[in-house]
file structure-v3.tsv (TSV, N, CA and C atoms)
chain	number	residue	atom	x	y	z
A	1	SER	N	3.74	-25.12	-15.73
A	1	SER	CA	4.41	-24.56	-14.55
A	1	SER	C	5.60	-23.68	-14.95
A	2	ASP	N	5.91	-23.69	-16.23
A	2	ASP	CA	6.97	-22.82	-16.74
A	2	ASP	C	6.65	-21.34	-16.51
A	3	ILE	N	5.40	-21.00	-16.75
A	3	ILE	CA	4.96	-19.61	-16.67
A	3	ILE	C	5.08	-19.07	-15.24
A	4	ILE	N	4.79	-19.92	-14.26
A	4	ILE	CA	4.79	-19.49	-12.86
A	4	ILE	C	6.18	-18.99	-12.44
A	5	ASN	N	7.23	-19.69	-12.86
A	5	ASN	CA	8.57	-19.31	-12.44
A	5	ASN	C	9.24	-18.29	-13.36
A	6	LYS	N	8.51	-17.90	-14.39
A	6	LYS	CA	9.11	-16.99	-15.36
A	6	LYS	C	9.24	-15.58	-14.78
A	7	LYS	N	10.46	-15.07	-14.78
A	7	LYS	CA	10.69	-13.72	-14.29
A	7	LYS	C	10.15	-12.73	-15.32
A	8	PRO	N	9.44	-11.69	-14.86
A	8	PRO	CA	8.93	-10.74	-15.84
A	8	PRO	C	10.08	-10.05	-16.59
A	9	THR	N	9.79	-9.59	-17.77
A	9	THR	CA	10.83	-8.95	-18.57
A	9	THR	C	11.01	-7.51	-18.10
A	10	LEU	N	11.59	-7.38	-16.93
A	10	LEU	CA	11.85	-6.06	-16.36
A	10	LEU	C	13.35	-5.90	-16.19
A	11	SER	N	13.83	-4.73	-16.54
A	11	SER	CA	15.26	-4.46	-16.37
A	11	SER	C	15.56	-4.24	-14.89
A	12	LYS	N	16.84	-4.26	-14.55
A	12	LYS	CA	17.26	-3.99	-13.15
A	12	LYS	C	16.78	-2.61	-12.72
A	13	SER	N	16.88	-1.64	-13.60
A	13	SER	CA	16.49	-0.28	-13.20
A	13	SER	C	14.97	-0.20	-13.00
A	14	GLU	N	14.21	-0.94	-13.80
A	14	GLU	CA	12.75	-0.96	-13.60
A	14	GLU	C	12.40	-1.62	-12.27
A	15	LEU	N	13.06	-2.74	-11.98
A	15	LEU	CA	12.81	-3.42	-10.70
A	15	LEU	C	13.21	-2.53	-9.54
A	16	SER	N	14.30	-1.81	-9.70
A	16	SER	CA	14.75	-0.94	-8.62
A	16	SER	C	13.76	0.21	-8.40
A	17	LYS	N	13.16	0.71	-9.48
A	17	LYS	CA	12.12	1.74	-9.33
A	17	LYS	C	10.93	1.16	-8.57
A	18	ILE	N	10.59	-0.08	-8.88
A	18	ILE	CA	9.43	-0.69	-8.22
A	18	ILE	C	9.72	-0.96	-6.74
A	19	THR	N	10.98	-1.26	-6.40
A	19	THR	CA	11.28	-1.43	-4.97
A	19	THR	C	11.19	-0.10	-4.23
A	20	SER	N	11.38	1.02	-4.93
A	20	SER	CA	11.26	2.31	-4.24
A	20	SER	C	9.80	2.76	-4.11
A	21	LEU	N	8.89	2.00	-4.73
A	21	LEU	CA	7.47	2.30	-4.61
A	21	LEU	C	7.03	2.32	-3.15
A	22	ARG	N	7.55	1.37	-2.37
A	22	ARG	CA	7.14	1.26	-0.96
A	22	ARG	C	7.39	2.55	-0.19
A	23	SER	N	8.62	3.07	-0.26
A	23	SER	CA	8.90	4.28	0.52
A	23	SER	C	8.16	5.49	-0.06
A	24	TYR	N	7.99	5.53	-1.38
A	24	TYR	CA	7.23	6.62	-1.98
A	24	TYR	C	5.79	6.62	-1.45
A	25	VAL	N	5.16	5.44	-1.44
A	25	VAL	CA	3.78	5.33	-0.97
A	25	VAL	C	3.69	5.68	0.52
A	26	ILE	N	4.60	5.12	1.33
A	26	ILE	CA	4.58	5.36	2.77
A	26	ILE	C	4.75	6.85	3.09
A	27	ASN	N	5.58	7.54	2.30
A	27	ASN	CA	5.79	8.96	2.55
A	27	ASN	C	4.67	9.84	2.01
A	28	ASN	N	3.75	9.26	1.26
A	28	ASN	CA	2.67	10.04	0.65
A	28	ASN	C	1.33	9.35	0.82
A	29	LEU	N	1.11	8.73	1.97
A	29	LEU	CA	-0.10	7.91	2.16
A	29	LEU	C	-1.40	8.67	2.01
A	30	GLU	N	-1.35	9.99	2.20
A	30	GLU	CA	-2.61	10.74	2.10
A	30	GLU	C	-3.06	10.92	0.65
A	31	ILE	N	-2.18	10.62	-0.29
A	31	ILE	CA	-2.51	10.72	-1.72
A	31	ILE	C	-3.37	9.54	-2.15
A	32	SER	N	-4.27	9.80	-3.08
A	32	SER	CA	-5.00	8.69	-3.70
A	32	SER	C	-4.21	8.27	-4.93
A	33	PHE	N	-3.66	7.07	-4.89
A	33	PHE	CA	-2.79	6.60	-5.97
A	33	PHE	C	-3.60	5.89	-7.05
A	34	THR	N	-3.20	6.10	-8.29
A	34	THR	CA	-3.73	5.27	-9.36
A	34	THR	C	-2.52	4.64	-10.04
A	35	ILE	N	-2.76	3.54	-10.73
A	35	ILE	CA	-1.67	2.89	-11.44
A	35	ILE	C	-1.07	3.84	-12.47
A	36	LEU	N	-1.93	4.60	-13.11
A	36	LEU	CA	-1.45	5.55	-14.12
A	36	LEU	C	-0.55	6.62	-13.51
A	37	LYS	N	-0.99	7.20	-12.39
A	37	LYS	CA	-0.17	8.22	-11.71
A	37	LYS	C	1.17	7.64	-11.29
A	38	LEU	N	1.14	6.44	-10.71
A	38	LEU	CA	2.37	5.81	-10.24
A	38	LEU	C	3.30	5.48	-11.39
A	39	SER	N	2.74	4.98	-12.49
A	39	SER	CA	3.60	4.60	-13.60
A	39	SER	C	4.24	5.85	-14.23
A	40	ARG	N	3.49	6.95	-14.25
A	40	ARG	CA	4.08	8.21	-14.73
A	40	ARG	C	5.20	8.68	-13.81
A	41	TYR	N	4.93	8.61	-12.50
A	41	TYR	CA	5.92	9.07	-11.52
A	41	TYR	C	7.22	8.28	-11.65
A	42	PHE	N	7.11	6.97	-11.81
A	42	PHE	CA	8.30	6.12	-11.88
A	42	PHE	C	8.84	5.96	-13.29
A	43	GLY	N	8.10	6.46	-14.27
A	43	GLY	CA	8.56	6.39	-15.64
A	43	GLY	C	8.60	4.97	-16.21
A	44	ILE	N	7.64	4.15	-15.79
A	44	ILE	CA	7.51	2.82	-16.40
A	44	ILE	C	6.06	2.59	-16.77
A	45	SER	N	5.81	1.69	-17.69
A	45	SER	CA	4.44	1.48	-18.16
A	45	SER	C	3.58	0.87	-17.05
A	46	PRO	N	2.27	1.16	-17.10
A	46	PRO	CA	1.36	0.56	-16.11
A	46	PRO	C	1.49	-0.96	-16.07
A	47	LYS	N	1.64	-1.57	-17.24
A	47	LYS	CA	1.74	-3.02	-17.30
A	47	LYS	C	2.99	-3.52	-16.57
A	48	LYS	N	4.11	-2.84	-16.79
A	48	LYS	CA	5.36	-3.24	-16.12
A	48	LYS	C	5.29	-2.99	-14.62
A	49	LEU	N	4.64	-1.91	-14.25
A	49	LEU	CA	4.45	-1.62	-12.82
A	49	LEU	C	3.66	-2.75	-12.17
A	50	GLN	N	2.58	-3.17	-12.80
A	50	GLN	CA	1.75	-4.25	-12.25
A	50	GLN	C	2.51	-5.57	-12.21
A	51	MET	N	3.24	-5.86	-13.28
A	51	MET	CA	4.04	-7.10	-13.32
A	51	MET	C	5.09	-7.09	-12.22
A	52	GLY	N	5.74	-5.96	-12.05
A	52	GLY	CA	6.82	-5.85	-11.08
A	52	GLY	C	6.35	-6.00	-9.65
A	53	VAL	N	5.22	-5.36	-9.34
A	53	VAL	CA	4.67	-5.46	-7.98
A	53	VAL	C	4.23	-6.89	-7.70
A	54	LYS	N	3.62	-7.52	-8.70
A	54	LYS	CA	3.20	-8.92	-8.57
A	54	LYS	C	4.43	-9.81	-8.34
A	55	TYR	N	5.48	-9.55	-9.11
A	55	TYR	CA	6.71	-10.35	-9.02
A	55	TYR	C	7.41	-10.15	-7.68
A	56	LEU	N	7.55	-8.89	-7.25
A	56	LEU	CA	8.31	-8.60	-6.03
A	56	LEU	C	7.51	-8.84	-4.76
A	57	TYR	N	6.22	-8.55	-4.79
A	57	TYR	CA	5.42	-8.59	-3.56
A	57	TYR	C	4.29	-9.61	-3.60
A	58	GLY	N	4.11	-10.27	-4.75
A	58	GLY	CA	3.06	-11.28	-4.87
A	58	GLY	C	1.66	-10.72	-4.75
A	59	ASP	N	1.49	-9.46	-5.12
A	59	ASP	CA	0.21	-8.81	-4.92
A	59	ASP	C	-0.09	-7.85	-6.06
A	60	SER	N	-1.36	-7.46	-6.16
A	60	SER	CA	-1.71	-6.43	-7.13
A	60	SER	C	-1.28	-5.08	-6.55
A	61	VAL	N	-1.16	-4.08	-7.40
A	61	VAL	CA	-0.76	-2.75	-6.93
A	61	VAL	C	-1.73	-2.23	-5.88
A	62	GLY	N	-3.03	-2.35	-6.16
A	62	GLY	CA	-4.04	-1.85	-5.23
A	62	GLY	C	-3.98	-2.52	-3.86
A	63	HIS	N	-3.85	-3.85	-3.86
A	63	HIS	CA	-3.77	-4.58	-2.60
A	63	HIS	C	-2.49	-4.26	-1.84
A	64	TYR	N	-1.40	-4.13	-2.60
A	64	TYR	CA	-0.12	-3.81	-1.96
A	64	TYR	C	-0.19	-2.45	-1.27
A	65	ILE	N	-0.75	-1.46	-1.96
A	65	ILE	CA	-0.87	-0.13	-1.37
A	65	ILE	C	-1.82	-0.15	-0.17
A	66	LEU	N	-2.91	-0.91	-0.27
A	66	LEU	CA	-3.83	-1.03	0.86
A	66	LEU	C	-3.12	-1.65	2.07
A	67	SER	N	-2.27	-2.65	1.82
A	67	SER	CA	-1.49	-3.26	2.92
A	67	SER	C	-0.59	-2.24	3.59
A	68	LEU	N	0.07	-1.42	2.80
A	68	LEU	CA	0.93	-0.38	3.37
A	68	LEU	C	0.11	0.62	4.18
A	69	ARG	N	-1.05	1.00	3.65
A	69	ARG	CA	-1.93	1.92	4.39
A	69	ARG	C	-2.36	1.32	5.72
A	70	MET	N	-2.74	0.03	5.70
A	70	MET	CA	-3.24	-0.62	6.90
A	70	MET	C	-2.15	-0.81	7.96
A	71	SER	N	-0.95	-1.22	7.52
A	71	SER	CA	0.08	-1.42	8.55
A	71	SER	C	0.50	-0.08	9.15
A	72	HIS	N	0.49	0.98	8.36
A	72	HIS	CA	0.80	2.29	8.92
A	72	HIS	C	-0.32	2.76	9.85
A	73	ALA	N	-1.55	2.47	9.48
A	73	ALA	CA	-2.69	2.84	10.33
A	73	ALA	C	-2.58	2.15	11.69
A	74	LYS	N	-2.25	0.86	11.66
A	74	LYS	CA	-2.11	0.11	12.92
A	74	LYS	C	-0.99	0.72	13.77
A	75	HIS	N	0.12	1.05	13.12
A	75	HIS	CA	1.24	1.68	13.81
A	75	HIS	C	0.80	2.99	14.46
A	76	LEU	N	0.06	3.82	13.73
A	76	LEU	CA	-0.41	5.10	14.27
A	76	LEU	C	-1.36	4.90	15.45
A	77	LEU	N	-2.26	3.93	15.33
A	77	LEU	CA	-3.22	3.68	16.42
A	77	LEU	C	-2.51	3.26	17.69
A	78	ILE	N	-1.42	2.49	17.53
A	78	ILE	CA	-0.70	1.98	18.69
A	78	ILE	C	0.21	3.05	19.29
A	79	THR	N	0.88	3.82	18.43
A	79	THR	CA	1.93	4.69	18.93
A	79	THR	C	1.55	6.16	19.08
A	80	ALA	N	0.52	6.61	18.36
A	80	ALA	CA	0.22	8.04	18.37
A	80	ALA	C	-1.12	8.29	19.04
A	81	ASP	N	-1.39	9.55	19.29
A	81	ASP	CA	-2.60	9.92	20.01
A	81	ASP	C	-3.66	10.43	19.04
A	82	PHE	N	-4.02	9.60	18.06
A	82	PHE	CA	-5.00	10.01	17.05
A	82	PHE	C	-6.28	9.20	17.24
A	83	ASN	N	-7.41	9.81	16.87
A	83	ASN	CA	-8.64	9.03	16.83
A	83	ASN	C	-8.74	8.35	15.47
A	84	VAL	N	-9.75	7.50	15.31
A	84	VAL	CA	-9.86	6.70	14.09
A	84	VAL	C	-10.00	7.60	12.85
A	85	SER	N	-10.77	8.67	12.95
A	85	SER	CA	-10.94	9.57	11.80
A	85	SER	C	-9.62	10.21	11.39
A	86	GLU	N	-8.82	10.61	12.37
A	86	GLU	CA	-7.51	11.22	12.06
A	86	GLU	C	-6.59	10.21	11.39
A	87	VAL	N	-6.62	8.97	11.86
A	87	VAL	CA	-5.80	7.92	11.26
A	87	VAL	C	-6.24	7.69	9.81
A	88	CYS	N	-7.55	7.62	9.58
A	88	CYS	CA	-8.07	7.47	8.21
A	88	CYS	C	-7.50	8.56	7.30
A	89	ASP	N	-7.56	9.80	7.75
A	89	ASP	CA	-7.04	10.92	6.95
A	89	ASP	C	-5.56	10.73	6.67
A	90	ARG	N	-4.81	10.35	7.68
A	90	ARG	CA	-3.36	10.24	7.53
A	90	ARG	C	-2.93	9.10	6.61
A	91	VAL	N	-3.76	8.07	6.49
A	91	VAL	CA	-3.39	6.96	5.60
A	91	VAL	C	-4.17	7.00	4.30
A	92	GLY	N	-4.92	8.08	4.07
A	92	GLY	CA	-5.56	8.29	2.78
A	92	GLY	C	-6.78	7.43	2.51
A	93	ILE	N	-7.52	7.08	3.56
A	93	ILE	CA	-8.76	6.32	3.35
A	93	ILE	C	-9.91	7.23	3.76
A	94	SER	N	-10.79	7.51	2.81
A	94	SER	CA	-11.82	8.51	3.09
A	94	SER	C	-13.02	7.95	3.85
A	95	SER	N	-13.30	6.68	3.68
A	95	SER	CA	-14.47	6.10	4.35
A	95	SER	C	-14.06	5.39	5.64
A	96	ARG	N	-14.59	5.90	6.73
A	96	ARG	CA	-14.26	5.32	8.03
A	96	ARG	C	-14.82	3.91	8.17
A	97	SER	N	-16.02	3.67	7.61
A	97	SER	CA	-16.61	2.33	7.74
A	97	SER	C	-15.83	1.31	6.92
A	98	TYR	N	-15.40	1.71	5.72
A	98	TYR	CA	-14.55	0.83	4.90
A	98	TYR	C	-13.24	0.53	5.63
A	99	PHE	N	-12.65	1.57	6.18
A	99	PHE	CA	-11.40	1.41	6.93
A	99	PHE	C	-11.57	0.40	8.07
A	100	SER	N	-12.63	0.56	8.85
A	100	SER	CA	-12.86	-0.33	10.00
A	100	SER	C	-13.08	-1.77	9.55
A	101	LYS	N	-13.82	-1.93	8.45
A	101	LYS	CA	-14.11	-3.27	7.94
A	101	LYS	C	-12.82	-3.97	7.48
A	102	VAL	N	-12.01	-3.26	6.69
A	102	VAL	CA	-10.76	-3.84	6.19
A	102	VAL	C	-9.80	-4.11	7.34
A	103	PHE	N	-9.74	-3.17	8.29
A	103	PHE	CA	-8.84	-3.30	9.43
A	103	PHE	C	-9.19	-4.53	10.25
A	104	LYS	N	-10.49	-4.70	10.53
A	104	LYS	CA	-10.92	-5.85	11.34
A	104	LYS	C	-10.66	-7.17	10.61
A	105	ALA	N	-10.89	-7.19	9.30
A	105	ALA	CA	-10.63	-8.40	8.52
A	105	ALA	C	-9.15	-8.76	8.58
A	106	ARG	N	-8.29	-7.75	8.57
A	106	ARG	CA	-6.85	-7.97	8.54
A	106	ARG	C	-6.27	-8.29	9.91
A	107	TYR	N	-6.72	-7.58	10.94
A	107	TYR	CA	-6.08	-7.70	12.26
A	107	TYR	C	-6.95	-8.34	13.33
A	108	GLY	N	-8.21	-8.64	12.99
A	108	GLY	CA	-9.08	-9.31	13.96
A	108	GLY	C	-9.63	-8.42	15.06
A	109	LYS	N	-9.35	-7.14	14.98
A	109	LYS	CA	-9.87	-6.18	15.96
A	109	LYS	C	-10.29	-4.93	15.22
A	110	LEU	N	-11.25	-4.21	15.78
A	110	LEU	CA	-11.61	-2.91	15.21
A	110	LEU	C	-10.52	-1.90	15.53
A	111	PRO	N	-10.34	-0.89	14.67
A	111	PRO	CA	-9.33	0.13	14.95
A	111	PRO	C	-9.54	0.78	16.33
A	112	SER	N	-10.80	0.99	16.72
A	112	SER	CA	-11.08	1.62	18.00
A	112	SER	C	-10.59	0.80	19.18
A	113	GLU	N	-10.44	-0.51	18.97
A	113	GLU	CA	-9.95	-1.37	20.07
A	113	GLU	C	-8.44	-1.21	20.29
A	114	TYR	N	-7.78	-0.54	19.36
A	114	TYR	CA	-6.33	-0.31	19.52
A	114	TYR	C	-6.06	1.00	20.24
A	115	ILE	N	-7.07	1.83	20.40
A	115	ILE	CA	-6.85	3.12	21.02
A	115	ILE	C	-6.95	2.97	22.53
A	116	HIS	N	-5.92	3.43	23.21
A	116	HIS	CA	-5.94	3.35	24.69
A	116	HIS	C	-6.40	4.67	25.26
call {"tool": "encode", "arguments": {"input": "structure-v3.tsv", "output": "structure tokens"}}
result
Amino acid sequence: SDIINKKPTLSKSELSKITSLRSYVINNLEISFTILKLSRYFGISPKKLQMGVKYLYGDSVGHYILSLRMSHAKHLLITADFNVSEVCDRVGISSRSYFSKVFKARYGKLPSEYIH
């Protein structure tokens, strides 16, 4: 159980870069992110990026980014006048069927059910 509570060997500045990942991703949701691209952008190794996201958010980089995409998609469906395809484009998900499947699994409703 020692390993579970062990803080990753990340400096304060590395952790602070990883906390800014959220706003960077949210402001660029239409981009397709890779761990390599993100680690280059933030100037930290892919391994440290993955460790940091796991440590701060309890999730893998891919899942964390998908969560940000989905919560923004839900926000857009509720507040804006977009159809499902437009929302997919805006949150950077190219497959509408994949989007609907993940959305329903997460929120219990299809994206189309959020459109008034």
call {"tool": "closest_residue", "arguments": {"input": "structure-v3.tsv", "among": "A:Ala73, A:Val87, A:Phe103, A:Leu56", "to": "Thr19 (chain A)", "atoms": "all atoms listed in the file"}}
result
A:Leu56
call {"tool": "atom_distance", "arguments": {"input": "structure-v3.tsv", "atom1": "atom N of Arg90 (chain A)", "atom2": "CA of Tyr64 (chain A)"}}
result
17.8 Å
call {"tool": "closest_residue", "arguments": {"input": "structure-v3.tsv", "among": "A:Gly52, A:Gly58, A:Pro111, A:Gly92", "to": "Phe33 (chain A)", "atoms": "all atoms listed in the file"}}
result
A:Gly92
call {"tool": "closest_residue", "arguments": {"input": "structure-v3.tsv", "among": "A:Met51, A:Ile115, A:Leu77, A:Val91", "to": "Leu29 (chain A)", "atoms": "all atoms listed in the file"}}
result
A:Val91
call {"tool": "select_by_dssp", "arguments": {"input": "structure-v3.tsv", "residues": "region 2-103 of chain A", "states": "helix (DSSP H, G or I)", "output": "VMD selection string"}}
result
chain A and resid 12 to 19 21 to 27 35 to 42 46 to 57 61 to 79 84 to 90 96 to 103
call {"tool": "residues_around", "arguments": {"input": "structure-v3.tsv", "residues": "Ser45 (chain A)", "least_positions_apart": "5", "cutoff": "12 Å", "atoms": "only C-alpha atoms", "output": "list in words"}}
result
Leu10, Glu14, Lys17, Ile18, Ile35, Leu36, Lys37, Leu38, Ser39, Arg40, Gln50, Met51 and Gly52 of chain A
call {"tool": "atom_distance", "arguments": {"input": "structure-v3.tsv", "atom1": "CA of Thr34 (chain A)", "atom2": "atom N of Ser67 (chain A)"}}
result
13.8 Å
call {"tool": "atom_distance", "arguments": {"input": "structure-v3.tsv", "atom1": "CA of Leu68 (chain A)", "atom2": "CA of Val25 (chain A)"}}
result
7.7 Å
call {"tool": "build_atoms", "arguments": {"input": "structure-v3.tsv", "residues": "region 76-87 of chain A", "atoms": "all heavy atoms", "output": "PDB file, in the frame of the given file"}}
result
ATOM      1  N   LEU A  76       0.060   3.820  13.730  1.00  0.00           N
ATOM      2  CA  LEU A  76      -0.410   5.100  14.270  1.00  0.00           C
ATOM      3  C   LEU A  76      -1.360   4.900  15.450  1.00  0.00           C
ATOM      4  O   LEU A  76      -1.274   5.612  16.449  1.00  0.00           O
ATOM      5  CB  LEU A  76      -1.118   5.922  13.185  1.00  0.00           C
ATOM      6  CG  LEU A  76      -0.243   6.547  12.109  1.00  0.00           C
ATOM      7  CD1 LEU A  76      -1.115   7.222  11.050  1.00  0.00           C
ATOM      8  CD2 LEU A  76       0.745   7.549  12.696  1.00  0.00           C
ATOM      9  N   LEU A  77      -2.260   3.930  15.330  1.00  0.00           N
ATOM     10  CA  LEU A  77      -3.220   3.680  16.420  1.00  0.00           C
ATOM     11  C   LEU A  77      -2.510   3.260  17.690  1.00  0.00           C
ATOM     12  O   LEU A  77      -2.910   3.614  18.792  1.00  0.00           O
ATOM     13  CB  LEU A  77      -4.234   2.615  16.001  1.00  0.00           C
ATOM     14  CG  LEU A  77      -5.259   3.045  14.946  1.00  0.00           C
ATOM     15  CD1 LEU A  77      -5.982   1.839  14.378  1.00  0.00           C
ATOM     16  CD2 LEU A  77      -6.264   4.045  15.526  1.00  0.00           C
ATOM     17  N   ILE A  78      -1.420   2.490  17.530  1.00  0.00           N
ATOM     18  CA  ILE A  78      -0.700   1.980  18.690  1.00  0.00           C
ATOM     19  C   ILE A  78       0.210   3.050  19.290  1.00  0.00           C
ATOM     20  O   ILE A  78       0.317   3.192  20.501  1.00  0.00           O
ATOM     21  CB  ILE A  78       0.112   0.716  18.318  1.00  0.00           C
ATOM     22  CG1 ILE A  78      -0.850  -0.436  17.995  1.00  0.00           C
ATOM     23  CG2 ILE A  78       1.072   0.313  19.440  1.00  0.00           C
ATOM     24  CD1 ILE A  78      -0.189  -1.628  17.322  1.00  0.00           C
ATOM     25  N   THR A  79       0.880   3.820  18.430  1.00  0.00           N
ATOM     26  CA  THR A  79       1.930   4.690  18.930  1.00  0.00           C
ATOM     27  C   THR A  79       1.550   6.160  19.080  1.00  0.00           C
ATOM     28  O   THR A  79       2.187   6.890  19.813  1.00  0.00           O
ATOM     29  CB  THR A  79       3.167   4.656  18.000  1.00  0.00           C
ATOM     30  OG1 THR A  79       2.757   5.109  16.701  1.00  0.00           O
ATOM     31  CG2 THR A  79       3.745   3.259  17.901  1.00  0.00           C
ATOM     32  N   ALA A  80       0.520   6.610  18.360  1.00  0.00           N
ATOM     33  CA  ALA A  80       0.220   8.040  18.370  1.00  0.00           C
ATOM     34  C   ALA A  80      -1.120   8.290  19.040  1.00  0.00           C
ATOM     35  O   ALA A  80      -1.896   7.371  19.284  1.00  0.00           O
ATOM     36  CB  ALA A  80       0.217   8.586  16.943  1.00  0.00           C
ATOM     37  N   ASP A  81      -1.390   9.550  19.290  1.00  0.00           N
ATOM     38  CA  ASP A  81      -2.600   9.920  20.010  1.00  0.00           C
ATOM     39  C   ASP A  81      -3.660  10.430  19.040  1.00  0.00           C
ATOM     40  O   ASP A  81      -4.117  11.553  19.148  1.00  0.00           O
ATOM     41  CB  ASP A  81      -2.222  10.990  21.044  1.00  0.00           C
ATOM     42  CG  ASP A  81      -3.285  11.111  22.121  1.00  0.00           C
ATOM     43  OD1 ASP A  81      -4.115  10.183  22.231  1.00  0.00           O
ATOM     44  OD2 ASP A  81      -3.294  12.131  22.814  1.00  0.00           O
ATOM     45  N   PHE A  82      -4.020   9.600  18.060  1.00  0.00           N
ATOM     46  CA  PHE A  82      -5.000  10.010  17.050  1.00  0.00           C
ATOM     47  C   PHE A  82      -6.280   9.200  17.240  1.00  0.00           C
ATOM     48  O   PHE A  82      -6.228   8.050  17.654  1.00  0.00           O
ATOM     49  CB  PHE A  82      -4.498   9.728  15.635  1.00  0.00           C
ATOM     50  CG  PHE A  82      -3.276  10.484  15.255  1.00  0.00           C
ATOM     51  CD1 PHE A  82      -2.170   9.817  14.762  1.00  0.00           C
ATOM     52  CD2 PHE A  82      -3.226  11.873  15.360  1.00  0.00           C
ATOM     53  CE1 PHE A  82      -1.022  10.510  14.390  1.00  0.00           C
ATOM     54  CE2 PHE A  82      -2.091  12.576  14.990  1.00  0.00           C
ATOM     55  CZ  PHE A  82      -0.987  11.893  14.506  1.00  0.00           C
ATOM     56  N   ASN A  83      -7.410   9.810  16.870  1.00  0.00           N
ATOM     57  CA  ASN A  83      -8.640   9.030  16.830  1.00  0.00           C
ATOM     58  C   ASN A  83      -8.740   8.350  15.470  1.00  0.00           C
ATOM     59  O   ASN A  83      -7.919   8.586  14.583  1.00  0.00           O
ATOM     60  CB  ASN A  83      -9.859   9.881  17.189  1.00  0.00           C
ATOM     61  CG  ASN A  83     -10.133  10.963  16.157  1.00  0.00           C
ATOM     62  OD1 ASN A  83      -9.909  10.779  14.957  1.00  0.00           O
ATOM     63  ND2 ASN A  83     -10.621  12.106  16.611  1.00  0.00           N
ATOM     64  N   VAL A  84      -9.750   7.500  15.310  1.00  0.00           N
ATOM     65  CA  VAL A  84      -9.860   6.700  14.090  1.00  0.00           C
ATOM     66  C   VAL A  84     -10.000   7.600  12.850  1.00  0.00           C
ATOM     67  O   VAL A  84      -9.379   7.340  11.825  1.00  0.00           O
ATOM     68  CB  VAL A  84     -11.027   5.689  14.196  1.00  0.00           C
ATOM     69  CG1 VAL A  84     -11.220   4.938  12.883  1.00  0.00           C
ATOM     70  CG2 VAL A  84     -10.757   4.687  15.324  1.00  0.00           C
ATOM     71  N   SER A  85     -10.770   8.670  12.950  1.00  0.00           N
ATOM     72  CA  SER A  85     -10.940   9.570  11.800  1.00  0.00           C
ATOM     73  C   SER A  85      -9.620  10.210  11.390  1.00  0.00           C
ATOM     74  O   SER A  85      -9.328  10.332  10.194  1.00  0.00           O
ATOM     75  CB  SER A  85     -11.948  10.676  12.110  1.00  0.00           C
ATOM     76  OG  SER A  85     -13.213  10.105  12.324  1.00  0.00           O
ATOM     77  N   GLU A  86      -8.820  10.610  12.370  1.00  0.00           N
ATOM     78  CA  GLU A  86      -7.510  11.220  12.060  1.00  0.00           C
ATOM     79  C   GLU A  86      -6.590  10.210  11.390  1.00  0.00           C
ATOM     80  O   GLU A  86      -5.867  10.538  10.455  1.00  0.00           O
ATOM     81  CB  GLU A  86      -6.870  11.753  13.351  1.00  0.00           C
ATOM     82  CG  GLU A  86      -7.562  12.978  13.903  1.00  0.00           C
ATOM     83  CD  GLU A  86      -7.095  13.354  15.318  1.00  0.00           C
ATOM     84  OE1 GLU A  86      -6.897  12.435  16.145  1.00  0.00           O
ATOM     85  OE2 GLU A  86      -6.930  14.551  15.577  1.00  0.00           O
ATOM     86  N   VAL A  87      -6.620   8.970  11.860  1.00  0.00           N
ATOM     87  CA  VAL A  87      -5.800   7.920  11.260  1.00  0.00           C
ATOM     88  C   VAL A  87      -6.240   7.690   9.810  1.00  0.00           C
ATOM     89  O   VAL A  87      -5.411   7.597   8.917  1.00  0.00           O
ATOM     90  CB  VAL A  87      -5.842   6.614  12.092  1.00  0.00           C
ATOM     91  CG1 VAL A  87      -5.203   5.464  11.331  1.00  0.00           C
ATOM     92  CG2 VAL A  87      -5.134   6.823  13.430  1.00  0.00           C
TER      93      VAL A  87
END
